[in-house]
Amino acid sequence: YFGLDPANVRFFAQGTLPCLTPEGQIILESKSRVAVAPDGNGGVYPALENSGSLAEMAERGVQYVHVIAVDNAICKVADPAFIGYSISSGADCGNKVVWKCEPGEKVGVVAKRGGQFCVIEYSEMTPEHCEARDDAGKLVYGAGNICNHFYTVDFLRNVVIPGMSSSYHIARKKIPAADDEGNTVKPTENNGIKLETFIFDAFPLSQNMAVLEVPRDEEFSPVKNAPGNPVDSPDSARAMISAAARRWVAAAGATLTGDESAICEVSPLRSYGGEGLEDVSGQELECPFHLE
């Protein structure tokens with residue numbers, strides 16, 4: 001339980017939804033089994049409800065929830081700045097963003113549609129929208145969504161759960177299906193539809209949403225590609241963790257020696273964001289290093 005009290009750690013399972021033919025009929029995977037698929041990251045909402053986790057939060061007096069993407073290696077869990085900003089803004093929902101590094105970056109952006117906050121996927125945007133800049137040269141539609149969200153428990157229970165019960169996105173996929181004899185056949189082309197919900201589908205339901213821009217190099221290192229890839233991979237995540245460690249100890253007054261390209265780390269049990277490192281002031285730290 002990561003050193004925590006087991007009573008304060010809860011795991012719950014993601015849900016599934018049946019797969020459909022293009023005509024809307026339920027697909028059988030075999031003669032006795034319906035084809036199902038995960039219900040998307042928006043499935044966190046019904047999963048919280050169906051597992052009893054949301055009710056338990058309310059019973060225990062929990063008022064706020066921080067939801068993060070599992071693949072962001074340098075995410076600030078329960079970030080007091082973000083949570084404090086959202087609470088002080090009176091927000092029922094909050095979202096962290098990093099500004100896109102270039103117009104073609106394949107990331108959804110936070111925007112308003114019909115006066116309501118939403119995330120517009122990069123595939124929905126025209127080249128003109130992607131490349132639009134303001135007078136200062138900053139991308140107009142650049143608030144990249146990084147799946148880092150704040151909610152009040154009341155908003156989840158009273159608005160999201162009843163309001164998202166029938167909101168689905170369609171993904172056309174190759175779905176193993178039963179043939180006329182009931183044998184499972186793997187198709188070579190898209191033959192059906194998977195239904196998904198997205199976590200940001202809740203944004204338009206918000207009455208007061210807070211959006212906070214944060215520095216990419218301090219808060220966003222997604223791991224989406226295989227090792228060896230210089231972008232969004234385990235290698236790039238390790239490099240960002242290492243760079244943060246070097247910045248922290250240098251800011252605390254340490255002098256770095258050795259190979260500064262080597263992997264360095266400050267344990268999160270030692271420092272959350274660079275604080276509490278006063279004891280390294282005036283010291284020489286040889287890279288690579290690991291501060292427990």
# chains A, B, ... in the order shown; residues from 1 in each chain; ligands from 1
>>> select_by_dssp(residues="range 21-239 of chain A", states="alpha helix (DSSP H)", output="PyMOL selection string")
chain A and resi 44-50+53-59+80-88+127-131+153-155+161-163+216-219+234-239
>>> write_last_selection(atoms="N, CA and C atoms", output="compact mmCIF listing (two decimals), in the first residue's frame")
# COMPACT_ATOMS: atom_id res chain seq x y z
N VAL A 44 -14.29 6.15 -15.38
CA VAL A 44 -13.93 6.34 -13.98
C VAL A 44 -15.13 6.82 -13.17
N TYR A 45 -16.03 7.55 -13.79
CA TYR A 45 -17.19 8.10 -13.05
C TYR A 45 -18.16 7.00 -12.61
N PRO A 46 -18.69 6.19 -13.54
CA PRO A 46 -19.56 5.11 -13.06
C PRO A 46 -18.82 4.09 -12.21
N ALA A 47 -17.52 3.89 -12.45
CA ALA A 47 -16.76 2.94 -11.63
C ALA A 47 -16.66 3.43 -10.19
N LEU A 48 -16.45 4.73 -10.01
CA LEU A 48 -16.45 5.29 -8.66
C LEU A 48 -17.79 5.08 -7.98
N GLU A 49 -18.86 5.26 -8.74
CA GLU A 49 -20.20 5.10 -8.19
C GLU A 49 -20.51 3.64 -7.91
N ASN A 50 -20.27 2.77 -8.89
CA ASN A 50 -20.67 1.37 -8.77
C ASN A 50 -19.85 0.61 -7.74
N SER A 53 -17.06 3.64 -3.99
CA SER A 53 -15.99 4.56 -3.58
C SER A 53 -16.49 5.98 -3.39
N LEU A 54 -17.39 6.41 -4.26
CA LEU A 54 -17.90 7.77 -4.18
C LEU A 54 -18.73 7.96 -2.92
N ALA A 55 -19.56 6.98 -2.60
CA ALA A 55 -20.36 7.05 -1.38
C ALA A 55 -19.47 7.04 -0.15
N GLU A 56 -18.39 6.24 -0.21
CA GLU A 56 -17.47 6.19 0.92
C GLU A 56 -16.78 7.54 1.13
N MET A 57 -16.40 8.19 0.02
CA MET A 57 -15.80 9.52 0.14
C MET A 57 -16.74 10.46 0.89
N ALA A 58 -18.00 10.48 0.48
CA ALA A 58 -18.97 11.36 1.12
C ALA A 58 -19.14 11.02 2.60
N GLU A 59 -19.18 9.72 2.90
CA GLU A 59 -19.35 9.29 4.28
C GLU A 59 -18.17 9.71 5.16
N PRO A 80 -0.96 20.99 -4.03
CA PRO A 80 -1.65 21.99 -3.21
C PRO A 80 -1.92 23.29 -3.95
N ALA A 81 -1.04 23.65 -4.91
CA ALA A 81 -1.27 24.87 -5.67
C ALA A 81 -2.51 24.75 -6.56
N PHE A 82 -2.63 23.64 -7.26
CA PHE A 82 -3.76 23.41 -8.16
C PHE A 82 -5.06 23.26 -7.37
N ILE A 83 -5.02 22.44 -6.33
CA ILE A 83 -6.22 22.22 -5.54
C ILE A 83 -6.63 23.52 -4.83
N GLY A 84 -5.65 24.23 -4.29
CA GLY A 84 -5.95 25.50 -3.63
C GLY A 84 -6.52 26.52 -4.59
N TYR A 85 -5.96 26.58 -5.80
CA TYR A 85 -6.46 27.51 -6.82
C TYR A 85 -7.91 27.18 -7.17
N SER A 86 -8.20 25.88 -7.35
CA SER A 86 -9.56 25.47 -7.71
C SER A 86 -10.55 25.78 -6.59
N ILE A 87 -10.16 25.49 -5.35
CA ILE A 87 -11.06 25.74 -4.22
C ILE A 87 -11.29 27.24 -4.05
N SER A 88 -10.20 28.01 -4.11
CA SER A 88 -10.34 29.46 -3.90
C SER A 88 -11.13 30.12 -5.03
N PRO A 127 -6.36 23.17 -39.82
CA PRO A 127 -5.00 23.72 -39.77
C PRO A 127 -4.99 25.20 -39.38
N GLU A 128 -6.02 25.93 -39.81
CA GLU A 128 -6.09 27.36 -39.48
C GLU A 128 -6.25 27.56 -37.97
N HIS A 129 -7.09 26.75 -37.35
CA HIS A 129 -7.26 26.85 -35.90
C HIS A 129 -5.98 26.45 -35.18
N CYS A 130 -5.35 25.37 -35.65
CA CYS A 130 -4.13 24.89 -34.99
C CYS A 130 -3.01 25.93 -35.03
N GLU A 131 -2.94 26.67 -36.11
CA GLU A 131 -1.83 27.59 -36.32
C GLU A 131 -2.14 29.03 -35.91
N VAL A 153 -16.61 16.52 -4.66
CA VAL A 153 -17.37 15.28 -4.55
C VAL A 153 -18.84 15.54 -4.86
N ASP A 154 -19.35 16.68 -4.44
CA ASP A 154 -20.74 17.03 -4.73
C ASP A 154 -20.99 17.10 -6.23
N PHE A 155 -20.05 17.67 -6.97
CA PHE A 155 -20.20 17.76 -8.43
C PHE A 155 -20.24 16.37 -9.05
N ILE A 161 -22.58 12.04 -12.37
CA ILE A 161 -23.17 10.70 -12.42
C ILE A 161 -24.54 10.71 -13.12
N PRO A 162 -25.45 11.58 -12.74
CA PRO A 162 -26.74 11.58 -13.47
C PRO A 162 -26.65 12.19 -14.86
N GLY A 163 -25.66 13.07 -15.10
CA GLY A 163 -25.63 13.81 -16.36
C GLY A 163 -24.89 13.14 -17.49
N ARG A 216 5.46 22.86 -18.71
CA ARG A 216 5.55 21.50 -19.25
C ARG A 216 6.73 20.74 -18.65
N ASP A 217 7.91 21.39 -18.55
CA ASP A 217 9.10 20.66 -18.12
C ASP A 217 9.06 20.30 -16.64
N GLU A 218 8.09 20.83 -15.90
CA GLU A 218 7.98 20.51 -14.49
C GLU A 218 6.81 19.57 -14.18
N GLU A 219 5.87 19.42 -15.13
CA GLU A 219 4.65 18.70 -14.77
C GLU A 219 4.11 17.72 -15.81
N PRO A 234 9.84 6.14 -21.82
CA PRO A 234 10.53 6.01 -20.53
C PRO A 234 11.84 6.81 -20.49
N ASP A 235 12.53 6.88 -21.62
CA ASP A 235 13.80 7.62 -21.67
C ASP A 235 13.58 9.11 -21.42
N SER A 236 12.58 9.69 -22.09
CA SER A 236 12.35 11.13 -21.93
C SER A 236 11.82 11.43 -20.53
N ALA A 237 11.02 10.51 -19.95
CA ALA A 237 10.51 10.72 -18.60
C ALA A 237 11.64 10.70 -17.58
N ARG A 238 12.56 9.73 -17.73
CA ARG A 238 13.71 9.68 -16.81
C ARG A 238 14.55 10.95 -16.92
N ALA A 239 14.72 11.43 -18.16
CA ALA A 239 15.51 12.65 -18.36
C ALA A 239 14.86 13.84 -17.67
>>> residues_around(residues="Met209 in chain A", least_positions_apart="2", cutoff="9 Å", atoms="only C-alpha atoms", output="PyMOL selection string")
chain A and resi 86+89-95+117+203+206-207+211
>>> write_last_selection(atoms="N, CA, C and O atoms", output="PDB file, in the first residue's frame")
ATOM      1  N   SER A  86      -8.200  25.882  -7.346  1.00  0.00           N
ATOM      2  CA  SER A  86      -9.556  25.474  -7.710  1.00  0.00           C
ATOM      3  C   SER A  86     -10.549  25.776  -6.592  1.00  0.00           C
ATOM      4  O   SER A  86     -11.656  26.291  -6.836  1.00  0.00           O
ATOM      5  N   SER A  89     -11.162  29.463  -6.202  1.00  0.00           N
ATOM      6  CA  SER A  89     -11.946  29.980  -7.328  1.00  0.00           C
ATOM      7  C   SER A  89     -13.406  29.568  -7.238  1.00  0.00           C
ATOM      8  O   SER A  89     -14.210  29.968  -8.090  1.00  0.00           O
ATOM      9  N   GLY A  90     -13.750  28.758  -6.256  1.00  0.00           N
ATOM     10  CA  GLY A  90     -15.121  28.279  -6.134  1.00  0.00           C
ATOM     11  C   GLY A  90     -15.505  27.311  -7.231  1.00  0.00           C
ATOM     12  O   GLY A  90     -16.687  27.184  -7.576  1.00  0.00           O
ATOM     13  N   ALA A  91     -14.501  26.601  -7.782  1.00  0.00           N
ATOM     14  CA  ALA A  91     -14.748  25.726  -8.927  1.00  0.00           C
ATOM     15  C   ALA A  91     -15.345  24.399  -8.484  1.00  0.00           C
ATOM     16  O   ALA A  91     -14.995  23.855  -7.442  1.00  0.00           O
ATOM     17  N   ASP A  92     -16.242  23.868  -9.313  1.00  0.00           N
ATOM     18  CA  ASP A  92     -16.718  22.500  -9.098  1.00  0.00           C
ATOM     19  C   ASP A  92     -15.872  21.504  -9.881  1.00  0.00           C
ATOM     20  O   ASP A  92     -15.881  20.302  -9.616  1.00  0.00           O
ATOM     21  N   CYS A  93     -15.112  22.024 -10.863  1.00  0.00           N
ATOM     22  CA  CYS A  93     -14.256  21.201 -11.710  1.00  0.00           C
ATOM     23  C   CYS A  93     -13.037  22.025 -12.094  1.00  0.00           C
ATOM     24  O   CYS A  93     -13.153  23.245 -12.306  1.00  0.00           O
ATOM     25  N   GLY A  94     -11.873  21.405 -12.156  1.00  0.00           N
ATOM     26  CA  GLY A  94     -10.660  22.117 -12.540  1.00  0.00           C
ATOM     27  C   GLY A  94      -9.819  21.270 -13.473  1.00  0.00           C
ATOM     28  O   GLY A  94      -9.928  20.042 -13.497  1.00  0.00           O
ATOM     29  N   ASN A  95      -8.957  21.934 -14.248  1.00  0.00           N
ATOM     30  CA  ASN A  95      -8.129  21.219 -15.219  1.00  0.00           C
ATOM     31  C   ASN A  95      -6.779  21.910 -15.359  1.00  0.00           C
ATOM     32  O   ASN A  95      -6.716  23.132 -15.516  1.00  0.00           O
ATOM     33  N   PHE A 117     -17.046  24.996 -21.207  1.00  0.00           N
ATOM     34  CA  PHE A 117     -15.725  24.413 -21.367  1.00  0.00           C
ATOM     35  C   PHE A 117     -15.824  23.010 -21.956  1.00  0.00           C
ATOM     36  O   PHE A 117     -16.764  22.249 -21.682  1.00  0.00           O
ATOM     37  N   PHE A 203     -16.763  18.136 -18.514  1.00  0.00           N
ATOM     38  CA  PHE A 203     -16.475  19.569 -18.455  1.00  0.00           C
ATOM     39  C   PHE A 203     -17.673  20.458 -18.782  1.00  0.00           C
ATOM     40  O   PHE A 203     -17.910  21.460 -18.085  1.00  0.00           O
ATOM     41  N   SER A 206     -19.962  21.545 -15.928  1.00  0.00           N
ATOM     42  CA  SER A 206     -19.466  22.408 -14.853  1.00  0.00           C
ATOM     43  C   SER A 206     -20.128  23.786 -14.903  1.00  0.00           C
ATOM     44  O   SER A 206     -20.298  24.370 -15.971  1.00  0.00           O
ATOM     45  N   GLN A 207     -20.463  24.292 -13.728  1.00  0.00           N
ATOM     46  CA  GLN A 207     -20.993  25.644 -13.611  1.00  0.00           C
ATOM     47  C   GLN A 207     -19.889  26.673 -13.388  1.00  0.00           C
ATOM     48  O   GLN A 207     -20.059  27.859 -13.659  1.00  0.00           O
ATOM     49  N   VAL A 211      -9.146  26.631 -14.813  1.00  0.00           N
ATOM     50  CA  VAL A 211      -8.111  26.107 -15.707  1.00  0.00           C
ATOM     51  C   VAL A 211      -6.785  26.737 -15.306  1.00  0.00           C
ATOM     52  O   VAL A 211      -6.684  27.961 -15.210  1.00  0.00           O
TER      53      VAL A 211
END
>>> closest_residue(among="A:Pro222, A:Gly228, A:Gly258, A:Pro288", to="Ala245 in chain A", atoms="only C-alpha atoms")
A:Pro288
>>> closest_residue(among="A:Leu156, A:Leu277, A:Ile120, A:Val110", to="Ala250 in chain A", atoms="only C-alpha atoms")
A:Leu277
>>> closest_residue(among="A:Ser167, A:Thr152, A:Asn225, A:Asn145", to="Gly40 in chain A", atoms="only C-alpha atoms")
A:Ser167
>>> closest_residue(among="A:Gly137, A:Gly3, A:Pro176, A:Pro230", to="Ile193 in chain A", atoms="only C-alpha atoms")
A:Pro176
>>> closest_residue(among="A:Lys173, A:Lys186, A:Lys96, A:Lys194", to="Ile146 in chain A", atoms="only C-alpha atoms")
A:Lys96
>>> residues_around(residues="Ala254 in chain A", least_positions_apart="2", cutoff="9 Å", atoms="only C-alpha atoms", output="PyMOL selection string")
chain A and resi 248-252+256+280-285
>>> write_last_selection(atoms="all heavy atoms", output="PDB file, in the first residue's frame")
ATOM      1  N   TRP A 248      16.529  21.288  -8.543  1.00  0.00           N
ATOM      2  CA  TRP A 248      16.176  21.440  -7.135  1.00  0.00           C
ATOM      3  C   TRP A 248      17.413  21.588  -6.259  1.00  0.00           C
ATOM      4  O   TRP A 248      17.466  22.487  -5.409  1.00  0.00           O
ATOM      5  CB  TRP A 248      15.355  20.238  -6.666  1.00  0.00           C
ATOM      6  CG  TRP A 248      13.999  20.150  -7.268  1.00  0.00           C
ATOM      7  CD1 TRP A 248      13.383  21.052  -8.103  1.00  0.00           C
ATOM      8  CD2 TRP A 248      13.077  19.068  -7.095  1.00  0.00           C
ATOM      9  NE1 TRP A 248      12.140  20.603  -8.454  1.00  0.00           N
ATOM     10  CE2 TRP A 248      11.912  19.403  -7.852  1.00  0.00           C
ATOM     11  CE3 TRP A 248      13.105  17.871  -6.395  1.00  0.00           C
ATOM     12  CZ2 TRP A 248      10.806  18.551  -7.902  1.00  0.00           C
ATOM     13  CZ3 TRP A 248      11.998  17.032  -6.441  1.00  0.00           C
ATOM     14  CH2 TRP A 248      10.861  17.372  -7.188  1.00  0.00           C
ATOM     15  N   VAL A 249      18.387  20.710  -6.457  1.00  0.00           N
ATOM     16  CA  VAL A 249      19.562  20.779  -5.577  1.00  0.00           C
ATOM     17  C   VAL A 249      20.401  22.019  -5.882  1.00  0.00           C
ATOM     18  O   VAL A 249      20.989  22.625  -4.971  1.00  0.00           O
ATOM     19  CB  VAL A 249      20.409  19.495  -5.665  1.00  0.00           C
ATOM     20  CG1 VAL A 249      19.607  18.294  -5.182  1.00  0.00           C
ATOM     21  CG2 VAL A 249      20.954  19.271  -7.060  1.00  0.00           C
ATOM     22  N   ALA A 250      20.444  22.431  -7.150  1.00  0.00           N
ATOM     23  CA  ALA A 250      21.169  23.653  -7.492  1.00  0.00           C
ATOM     24  C   ALA A 250      20.496  24.864  -6.862  1.00  0.00           C
ATOM     25  O   ALA A 250      21.159  25.762  -6.320  1.00  0.00           O
ATOM     26  CB  ALA A 250      21.267  23.811  -9.006  1.00  0.00           C
ATOM     27  N   ALA A 251      19.150  24.900  -6.905  1.00  0.00           N
ATOM     28  CA  ALA A 251      18.421  26.007  -6.289  1.00  0.00           C
ATOM     29  C   ALA A 251      18.600  26.025  -4.772  1.00  0.00           C
ATOM     30  O   ALA A 251      18.535  27.088  -4.145  1.00  0.00           O
ATOM     31  CB  ALA A 251      16.940  25.907  -6.638  1.00  0.00           C
ATOM     32  N   ALA A 252      18.846  24.842  -4.194  1.00  0.00           N
ATOM     33  CA  ALA A 252      19.048  24.756  -2.748  1.00  0.00           C
ATOM     34  C   ALA A 252      20.460  25.130  -2.341  1.00  0.00           C
ATOM     35  O   ALA A 252      20.765  25.205  -1.148  1.00  0.00           O
ATOM     36  CB  ALA A 252      18.737  23.343  -2.259  1.00  0.00           C
ATOM     37  N   LEU A 256      26.987  21.055  -8.540  1.00  0.00           N
ATOM     38  CA  LEU A 256      26.982  19.767  -9.219  1.00  0.00           C
ATOM     39  C   LEU A 256      28.321  19.503  -9.892  1.00  0.00           C
ATOM     40  O   LEU A 256      28.906  20.394 -10.529  1.00  0.00           O
ATOM     41  CB  LEU A 256      25.873  19.722 -10.265  1.00  0.00           C
ATOM     42  CG  LEU A 256      24.440  19.834  -9.744  1.00  0.00           C
ATOM     43  CD1 LEU A 256      23.451  19.880 -10.895  1.00  0.00           C
ATOM     44  CD2 LEU A 256      24.115  18.670  -8.816  1.00  0.00           C
ATOM     45  N   VAL A 280      21.679  20.428   1.667  1.00  0.00           N
ATOM     46  CA  VAL A 280      22.673  20.250   0.607  1.00  0.00           C
ATOM     47  C   VAL A 280      23.345  21.576   0.247  1.00  0.00           C
ATOM     48  O   VAL A 280      24.274  21.602  -0.573  1.00  0.00           O
ATOM     49  CB  VAL A 280      22.040  19.626  -0.659  1.00  0.00           C
ATOM     50  CG1 VAL A 280      21.376  18.308  -0.324  1.00  0.00           C
ATOM     51  CG2 VAL A 280      21.065  20.580  -1.335  1.00  0.00           C
ATOM     52  N   SER A 281      22.905  22.667   0.857  1.00  0.00           N
ATOM     53  CA  SER A 281      23.490  23.978   0.555  1.00  0.00           C
ATOM     54  C   SER A 281      24.987  23.975   0.865  1.00  0.00           C
ATOM     55  O   SER A 281      25.410  23.538   1.936  1.00  0.00           O
ATOM     56  CB  SER A 281      22.794  25.066   1.381  1.00  0.00           C
ATOM     57  OG  SER A 281      23.358  26.327   1.107  1.00  0.00           O
ATOM     58  N   GLY A 282      25.778  24.410  -0.096  1.00  0.00           N
ATOM     59  CA  GLY A 282      27.226  24.474   0.083  1.00  0.00           C
ATOM     60  C   GLY A 282      27.940  23.167  -0.190  1.00  0.00           C
ATOM     61  O   GLY A 282      29.176  23.132  -0.155  1.00  0.00           O
ATOM     62  N   GLN A 283      27.186  22.108  -0.486  1.00  0.00           N
ATOM     63  CA  GLN A 283      27.811  20.813  -0.742  1.00  0.00           C
ATOM     64  C   GLN A 283      28.081  20.625  -2.236  1.00  0.00           C
ATOM     65  O   GLN A 283      27.450  21.257  -3.080  1.00  0.00           O
ATOM     66  CB  GLN A 283      26.909  19.671  -0.267  1.00  0.00           C
ATOM     67  CG  GLN A 283      26.707  19.570   1.226  1.00  0.00           C
ATOM     68  CD  GLN A 283      25.940  18.313   1.590  1.00  0.00           C
ATOM     69  OE1 GLN A 283      25.971  17.319   0.871  1.00  0.00           O
ATOM     70  NE2 GLN A 283      25.235  18.351   2.720  1.00  0.00           N
ATOM     71  N   GLU A 284      29.044  19.742  -2.515  1.00  0.00           N
ATOM     72  CA  GLU A 284      29.246  19.280  -3.885  1.00  0.00           C
ATOM     73  C   GLU A 284      28.542  17.946  -4.044  1.00  0.00           C
ATOM     74  O   GLU A 284      28.737  17.026  -3.250  1.00  0.00           O
ATOM     75  CB  GLU A 284      30.737  19.116  -4.204  1.00  0.00           C
ATOM     76  CG  GLU A 284      31.481  20.417  -4.418  1.00  0.00           C
ATOM     77  CD  GLU A 284      32.870  20.199  -4.997  1.00  0.00           C
ATOM     78  OE1 GLU A 284      33.256  19.006  -5.175  1.00  0.00           O
ATOM     79  OE2 GLU A 284      33.564  21.190  -5.266  1.00  0.00           O
ATOM     80  N   LEU A 285      27.695  17.838  -5.048  1.00  0.00           N
ATOM     81  CA  LEU A 285      26.995  16.602  -5.338  1.00  0.00           C
ATOM     82  C   LEU A 285      27.483  16.075  -6.684  1.00  0.00           C
ATOM     83  O   LEU A 285      27.405  16.782  -7.708  1.00  0.00           O
ATOM     84  CB  LEU A 285      25.484  16.810  -5.390  1.00  0.00           C
ATOM     85  CG  LEU A 285      24.775  17.077  -4.074  1.00  0.00           C
ATOM     86  CD1 LEU A 285      23.279  17.263  -4.309  1.00  0.00           C
ATOM     87  CD2 LEU A 285      24.992  15.934  -3.090  1.00  0.00           C
TER      88      LEU A 285
END
>>> atom_distance(atom1="CA of Glu265 in chain A", atom2="CA of Leu291 in chain A")
6.4 Å
>>> residues_around(residues="Val67 in chain A", least_positions_apart="3", cutoff="7 Å", atoms="only C-alpha atoms", output="PDB file with N, CA and C atoms, in the first residue's frame")
ATOM      1  N   ASN A 148      -5.437  15.949 -16.031  1.00  0.00           N
ATOM      2  CA  ASN A 148      -5.078  16.265 -14.650  1.00  0.00           C
ATOM      3  C   ASN A 148      -6.212  17.136 -14.111  1.00  0.00           C
ATOM      4  N   HIS A 149      -7.119  16.526 -13.335  1.00  0.00           N
ATOM      5  CA  HIS A 149      -8.403  17.156 -13.053  1.00  0.00           C
ATOM      6  C   HIS A 149      -8.722  17.240 -11.557  1.00  0.00           C
ATOM      7  N   PHE A 150      -9.460  18.279 -11.219  1.00  0.00           N
ATOM      8  CA  PHE A 150      -9.974  18.502  -9.865  1.00  0.00           C
ATOM      9  C   PHE A 150     -11.497  18.446  -9.918  1.00  0.00           C
TER      10      PHE A 150
END
>>> select_by_dssp(residues="range 66-158 of chain A", states="strand (DSSP E or B)", output="number ranges by chain")
A: 66-68, 72, 93-99, 109-113, 116-120, 133, 139, 143-152
>>> residues_around(residues="Cys75 in chain A", least_positions_apart="6", cutoff="8 Å", atoms="only C-alpha atoms", output="PyMOL selection string")
chain A and resi 68+219-221
>>> write_last_selection(atoms="N, CA and C atoms", output="JSON list (two decimals), in the first residue's frame")
[["chain", "number", "residue", "atom", "x", "y", "z"],
["A", 68, "ILE", "N", -5.62, 11.89, -11.94],
["A", 68, "ILE", "CA", -4.43, 12.08, -12.78],
["A", 68, "ILE", "C", -4.28, 10.92, -13.75],
["A", 219, "GLU", "N", 5.87, 19.42, -15.13],
["A", 219, "GLU", "CA", 4.65, 18.70, -14.77],
["A", 219, "GLU", "C", 4.11, 17.72, -15.81],
["A", 220, "PHE", "N", 4.78, 17.57, -16.95],
["A", 220, "PHE", "CA", 4.18, 16.71, -17.98],
["A", 220, "PHE", "C", 5.25, 15.91, -18.71],
["A", 221, "SER", "N", 5.31, 14.62, -18.39],
["A", 221, "SER", "CA", 6.25, 13.72, -19.07],
["A", 221, "SER", "C", 5.53, 12.40, -19.37]]
>>> closest_residue(among="A:Val119, A:Tyr141, A:Gly43, A:Val231", to="Val160 in chain A", atoms="only C-alpha atoms")
A:Gly43
>>> atom_distance(atom1="CA of Val214 in chain A", atom2="CA of Tyr151 in chain A")
18.1 Å
>>> residues_around(residues="Lys138 in chain A", least_positions_apart="5", cutoff="12 Å", atoms="only C-alpha atoms", output="ChimeraX atom specification")
/A:99-103,130-133,143
>>> write_last_selection(atoms="N, CA, C and O atoms", output="PDB file, in the first residue's frame")
ATOM      1  N   TRP A  99       0.889  24.485 -22.406  1.00  0.00           N
ATOM      2  CA  TRP A  99       0.707  25.050 -23.743  1.00  0.00           C
ATOM      3  C   TRP A  99       1.389  24.173 -24.768  1.00  0.00           C
ATOM      4  O   TRP A  99       2.476  23.637 -24.537  1.00  0.00           O
ATOM      5  N   LYS A 100       0.731  23.978 -25.889  1.00  0.00           N
ATOM      6  CA  LYS A 100       1.273  23.142 -26.948  1.00  0.00           C
ATOM      7  C   LYS A 100       2.640  23.655 -27.389  1.00  0.00           C
ATOM      8  O   LYS A 100       2.857  24.869 -27.505  1.00  0.00           O
ATOM      9  N   CYS A 101       3.565  22.719 -27.664  1.00  0.00           N
ATOM     10  CA  CYS A 101       4.909  23.128 -28.059  1.00  0.00           C
ATOM     11  C   CYS A 101       4.983  23.542 -29.518  1.00  0.00           C
ATOM     12  O   CYS A 101       5.879  24.292 -29.918  1.00  0.00           O
ATOM     13  N   GLU A 102       4.036  23.074 -30.325  1.00  0.00           N
ATOM     14  CA  GLU A 102       3.973  23.486 -31.732  1.00  0.00           C
ATOM     15  C   GLU A 102       2.570  23.190 -32.251  1.00  0.00           C
ATOM     16  O   GLU A 102       1.844  22.362 -31.695  1.00  0.00           O
ATOM     17  N   PRO A 103       2.153  23.856 -33.336  1.00  0.00           N
ATOM     18  CA  PRO A 103       0.762  23.747 -33.797  1.00  0.00           C
ATOM     19  C   PRO A 103       0.307  22.327 -34.082  1.00  0.00           C
ATOM     20  O   PRO A 103      -0.857  21.985 -33.880  1.00  0.00           O
ATOM     21  N   CYS A 130      -5.354  25.374 -35.651  1.00  0.00           N
ATOM     22  CA  CYS A 130      -4.127  24.889 -34.995  1.00  0.00           C
ATOM     23  C   CYS A 130      -3.015  25.933 -35.030  1.00  0.00           C
ATOM     24  O   CYS A 130      -2.232  26.045 -34.079  1.00  0.00           O
ATOM     25  N   GLU A 131      -2.940  26.674 -36.115  1.00  0.00           N
ATOM     26  CA  GLU A 131      -1.829  27.593 -36.320  1.00  0.00           C
ATOM     27  C   GLU A 131      -2.136  29.031 -35.906  1.00  0.00           C
ATOM     28  O   GLU A 131      -1.255  29.893 -35.948  1.00  0.00           O
ATOM     29  N   ALA A 132      -3.371  29.322 -35.500  1.00  0.00           N
ATOM     30  CA  ALA A 132      -3.747  30.691 -35.131  1.00  0.00           C
ATOM     31  C   ALA A 132      -2.935  31.170 -33.925  1.00  0.00           C
ATOM     32  O   ALA A 132      -2.756  30.437 -32.949  1.00  0.00           O
ATOM     33  N   ARG A 133      -2.458  32.408 -33.999  1.00  0.00           N
ATOM     34  CA  ARG A 133      -1.658  32.988 -32.921  1.00  0.00           C
ATOM     35  C   ARG A 133      -2.200  34.369 -32.564  1.00  0.00           C
ATOM     36  O   ARG A 133      -2.799  35.054 -33.391  1.00  0.00           O
ATOM     37  N   ALA A 143      -4.012  25.422 -25.214  1.00  0.00           N
ATOM     38  CA  ALA A 143      -4.120  24.905 -23.849  1.00  0.00           C
ATOM     39  C   ALA A 143      -4.260  23.385 -23.871  1.00  0.00           C
ATOM     40  O   ALA A 143      -5.356  22.838 -23.838  1.00  0.00           O
TER      41      ALA A 143
END
>>> residues_around(residues="Cys118 in chain A", least_positions_apart="4", cutoff="7 Å", atoms="only C-alpha atoms", output="ChimeraX atom specification")
/A:110-113,200,203-204
